[in-house]
Every structure is written in C-alpha cells, then in structure tokens.
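Asker: Once you've had a glance at the structure underneath, I'll fire off some questions.
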Amino acid sequence: MKASVLHQYGGPEVLRYEDCPDPVLQPGEVLVRVAAAGVNPVDALERSGETKAWRPVRFPGILGWDLSGTVEKLGSGAEGFSVGDQVLAWAYHTYAELCAVSAGLLARVPKGMNLVDAAALPLVTMTGSQLIFVGADVKPGQTVLVSGAAGSVGRSAVFAAKDRGAVVIAGVLKKQLDGLKNLGADRVVALDDTAAFADLQPVDIVANTVRGKTAEDLMAKVKPGGTFASVTGAPANAAGYPRVRTVAFVSKQDTKNLEYTVEAVRAGKLTIPIGSRVPLRNAAEAHAAFAKGSAGKILLLP
C-alpha cells in the first residue's frame, strides 16, 4: 500500500509518500480501505516530536487519528461488520490506503452522508462532546462558556452543551463573528474584544479549547465552585483560583459517543466545516497549510 511515512521528527517536509507493507490483521480487527484521513493538531505534535515523551513514533511511522472508508477484510473474531460496509473511526496510523482497526471502534457511516467528509468527525466530535459530558459534567440549566467555539472541537462542545440543556455562550474571535449564524449557541462573544470580555458575567463552567493568555483570562470568569474543563491542559495560573475546579481533560475512544455525534451531524444539528481535501501524497503541504491556520478540517485522500 501507499502511505505518508515519517522516518524522523521534524517539520512538514519529513512526511514522505511511499510504499509500505499492508497492515497485518490481529484478532478482532477489520481492514479498512481508507477513503479519507483527517488532519488534527495531535498529528503535528507527533510529527515534530513534541509528544515523544508519552507517545513516541516508532520509525518508520504513519500518523493519523481519523478515518472513513470501506471494510475490505475481517480478521478472526471480528464481528458486527461485513465486507463493503462504509465506516468511520478514531483509529491510528490512518495516513495510508489501508488501516487495521478494532471492530469495536468502528461506527457506520449513515446513508446519505458523504463517505470522504465523514473522516472529519471522529476525533473532534468525541473530544468536544466528552469535554461537556465527562470533563465538565454539565447539568441542565447551567451556563457554559465554550472557548474556541468556531473550531471543530468547540462546535462539538457547543452542540453537546445545548443538547444537555445548558445555556451556552460561544467564545470566538472578532474576525469569526460573521460566519457563525448556525453555531447553535444562545450567545456569541468575541473573546479578543476587550469591552465584550469585560462585560462577561461569571459562568458555571468554562469548556476550554484554546491555549495561552485567553485560557488564563477565562479562569476569572468562572463562578466560585464552578468548573474550568480544558482539552489543552490546565492554564498556567490555575493554582491562583483555588475555588475553581480545574479539569485537564483527555478524551478517549468511545463508539457509542461517536454514533451519537454522527447522528447529530446527519440530522443537521452539528456541522464540522471542511476546509480542503488534499491528496495523501501531498500530506506535507497539508501540514504546512494547517500550521498557517487553515480554516476548517483538512482531509487527506489516498
């Protein structure tokens, strides 16, 4: 098979399109012919070596945490799927023509959903919804501010919080205000607008998806006894707010959760914008575009 392969840590240029051995199925695994793989921030962190202390790449390595595709072969003991089924998953080593995935991690792509575009969903929608349901433990009637709400994880968090019955404030940038009419929040606030930020009243929960000063400033917007749940780690100033419960949340693979978010997308309740669809052979260029802040999800097509 062809894959985008990493032989060393570095910038986007270290991604090479080359021949690789086909995956060898282990018991309970399914071989998926990849229709598309999503590009996520963690891919760039793995490529650069920033995650090598806790998730080192075994060279030659294949990046990628998202896929959609078609079941091509079933390993021994793999159940619930048939050859030809269209599926999606939060998997690993997805920058390739073929990927071995545990059958228990796969979800079906609903009829009518574009198979390629389905690759944009797994990691970001599960991360955003779990941030709300697990990390923040949002209750109906609470007021939740989602930072980075224009991003894919943020959009998913906004949907999940509204679905839980919360009052939702979407925190975005001033330049993003005009394009967020279908976000579904009760209110949209530009967090980089000094006056608008100052006018924000304390909330029960901040569901945070951003880093740096904005995250630190938002600690002051949580009510005493409230929660600051973050997918980017605890802010540097968290210790200065002992009356705020700070949760550095890490999402996990959960098929039921994936099925929930996929149904929300199918029903039009959640939208994850696609920025571009790029041939897998151009993964280096896709990573370079991602580093510059490309809007919407980037998908790699084998």
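Chains: A, B, ... in order of the structure tokens. Residues: from 1 per chain. Ligands: from 1, in order shown.
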Region 16-135 of chain A near region 183-207 of chain A within 9 Å: what's each residue's closest atom pair and its distance in Å to one decimal, counting only C-alpha atoms, ordered by chain then ascending residue number, as a Markdown table?
Answerer:
```
| residue | atom | partner | partner_atom | distance |
| --- | --- | --- | --- | --- |
| A:Gly128 | CA | A:Ala207 | CA | 8.9 |
| A:Leu131 | CA | A:Ala207 | CA | 6.9 |
| A:Ile132 | CA | A:Ala207 | CA | 6.9 |
| A:Gly135 | CA | A:Ala207 | CA | 8.5 |
```
Asker: Could you pull out the helix (DSSP H, G or I) residues of region 67-166 of chain A, going by DSSP on the backbone, and write them as JSON, numbers by chain?
Answerer: {"A": [103, 104, 105, 117, 118, 119, 120, 122, 123, 124, 125, 126, 127, 128, 129, 130, 131, 132, 133, 134, 135, 152, 153, 154, 155, 156, 157, 158, 159, 160, 161, 162, 163]}
Asker: Taking C-alpha atoms for each residue, export the selection above as a JSON list (two decimals), in the first residue's frame.
Answerer:
```json
[["chain", "number", "residue", "atom", "x", "y", "z"],
["A", 103, "ALA", "CA", -14.14, -3.74, 15.05],
["A", 104, "GLY", "CA", -15.35, -2.38, 18.38],
["A", 105, "LEU", "CA", -14.14, 1.12, 17.48],
["A", 117, "ASP", "CA", -16.29, 14.05, 4.60],
["A", 118, "ALA", "CA", -17.16, 11.60, 7.39],
["A", 119, "ALA", "CA", -13.43, 11.41, 8.15],
["A", 120, "ALA", "CA", -13.66, 14.91, 9.66],
["A", 122, "PRO", "CA", -14.38, 11.12, 14.90],
["A", 123, "LEU", "CA", -11.67, 12.78, 17.00],
["A", 124, "VAL", "CA", -13.06, 16.32, 17.17],
["A", 125, "THR", "CA", -16.70, 15.45, 17.81],
["A", 126, "MET", "CA", -15.87, 12.92, 20.51],
["A", 127, "THR", "CA", -13.42, 15.31, 22.15],
["A", 128, "GLY", "CA", -15.89, 18.21, 22.19],
["A", 129, "SER", "CA", -18.85, 16.21, 23.44],
["A", 130, "GLN", "CA", -16.82, 14.36, 26.08],
["A", 131, "LEU", "CA", -15.44, 17.69, 27.29],
["A", 132, "ILE", "CA", -19.04, 18.61, 28.14],
["A", 133, "PHE", "CA", -20.41, 15.30, 29.37],
["A", 134, "VAL", "CA", -17.37, 13.90, 31.18],
["A", 135, "GLY", "CA", -14.80, 16.64, 31.77],
["A", 152, "SER", "CA", -14.31, 21.73, 15.29],
["A", 153, "VAL", "CA", -13.89, 20.67, 18.92],
["A", 154, "GLY", "CA", -15.57, 23.87, 20.10],
["A", 155, "ARG", "CA", -18.54, 23.41, 17.76],
["A", 156, "SER", "CA", -18.99, 19.90, 19.07],
["A", 157, "ALA", "CA", -18.88, 21.18, 22.65],
["A", 158, "VAL", "CA", -21.50, 23.85, 21.89],
["A", 159, "PHE", "CA", -23.83, 21.22, 20.44],
["A", 160, "ALA", "CA", -23.34, 18.83, 23.35],
["A", 161, "ALA", "CA", -23.90, 21.54, 25.96],
["A", 162, "LYS", "CA", -27.11, 22.69, 24.28],
["A", 163, "ASP", "CA", -28.23, 19.08, 23.97]]
```
Asker: Between A:Glu46, A:Glu79, A:Asp217, A:Glu97, which is the closest to Leu67 (chain A) once you count only C-alpha atoms?
Answerer: A:Glu97
Asker: Closest to Thr232 (chain A) among A:Val42, A:Leu299, A:Val168, A:Leu15, using only C-alpha atoms?
Answerer: A:Val42
Asker: Excluding Val265 (chain A) and any residue of its chain fewer than 6 positions from it, enumerate the residues within 9 Å of it, using only C-alpha atoms, and give them as a list in words.
Answerer: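 My reading of the contact set: Met113, Leu121, Thr271 and Ile272 of chain A.
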Asker: Return the single residue from A:Val83, A:Ala3, A:Ala37, A:Ala89 that is closest to Lys256 (chain A), with distances computed using only C-alpha atoms.
Answerer: A:Ala89
Asker: Excluding same-chain residues fewer than 5 positions from Arg277 (chain A), what lies within 10 Å of it counting only C-alpha atoms, as an mmCIF file with N, CA and C atoms, in the first residue's frame?
Answerer:
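What ended up in part22.cif:
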```
data_model
loop_
_atom_site.group_PDB
_atom_site.id
_atom_site.type_symbol
_atom_site.label_atom_id
_atom_site.label_comp_id
_atom_site.auth_asym_id
_atom_site.auth_seq_id
_atom_site.Cartn_x
_atom_site.Cartn_y
_atom_site.Cartn_z
ATOM 1 N N ALA A 36 -10.657 8.643 3.405
ATOM 2 C CA ALA A 36 -10.040 9.904 3.817
ATOM 3 C C ALA A 36 -9.547 9.783 5.247
ATOM 4 N N ALA A 37 -8.521 10.557 5.554
ATOM 5 C CA ALA A 37 -7.992 10.670 6.912
ATOM 6 C C ALA A 37 -8.006 12.136 7.303
ATOM 7 N N GLY A 38 -8.444 12.427 8.523
ATOM 8 C CA GLY A 38 -8.484 13.804 8.984
ATOM 9 C C GLY A 38 -7.145 14.245 9.539
ATOM 10 N N VAL A 116 -16.211 10.491 2.252
ATOM 11 C CA VAL A 116 -14.956 11.217 2.452
ATOM 12 C C VAL A 116 -15.091 12.211 3.597
ATOM 13 N N ASP A 117 -16.137 13.007 3.583
ATOM 14 C CA ASP A 117 -16.293 14.047 4.597
ATOM 15 C C ASP A 117 -16.503 13.476 6.000
ATOM 16 N N ALA A 286 -0.245 19.705 3.202
ATOM 17 C CA ALA A 286 -1.406 19.850 4.079
ATOM 18 C C ALA A 286 -0.987 20.248 5.488
ATOM 19 N N LYS A 297 -11.606 21.673 8.602
ATOM 20 C CA LYS A 297 -10.827 20.444 8.643
ATOM 21 C C LYS A 297 -10.143 20.181 7.310
ATOM 22 N N ILE A 298 -8.909 19.698 7.379
ATOM 23 C CA ILE A 298 -8.190 19.239 6.201
ATOM 24 C C ILE A 298 -8.297 17.732 6.137
ATOM 25 N N LEU A 299 -8.705 17.215 4.991
ATOM 26 C CA LEU A 299 -8.823 15.774 4.787
ATOM 27 C C LEU A 299 -7.792 15.318 3.770
ATOM 28 N N LEU A 300 -7.172 14.181 4.048
ATOM 29 C CA LEU A 300 -6.207 13.569 3.120
ATOM 30 C C LEU A 300 -6.866 12.393 2.408
ATOM 31 N N LEU A 301 -6.797 12.389 1.086
ATOM 32 C CA LEU A 301 -7.449 11.360 0.284
ATOM 33 C C LEU A 301 -6.416 10.472 -0.383
#
```
Asker: Would you please work out which residue, of A:Gly171, A:Pro60, A:Pro224, A:Gly77, is nearest to Pro242 (chain A) when using only C-alpha atoms?
Answerer: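 Ranking A:Gly171, A:Pro60, A:Pro224, A:Gly77 by distance to Pro242 (chain A), first place goes to A:Pro224.
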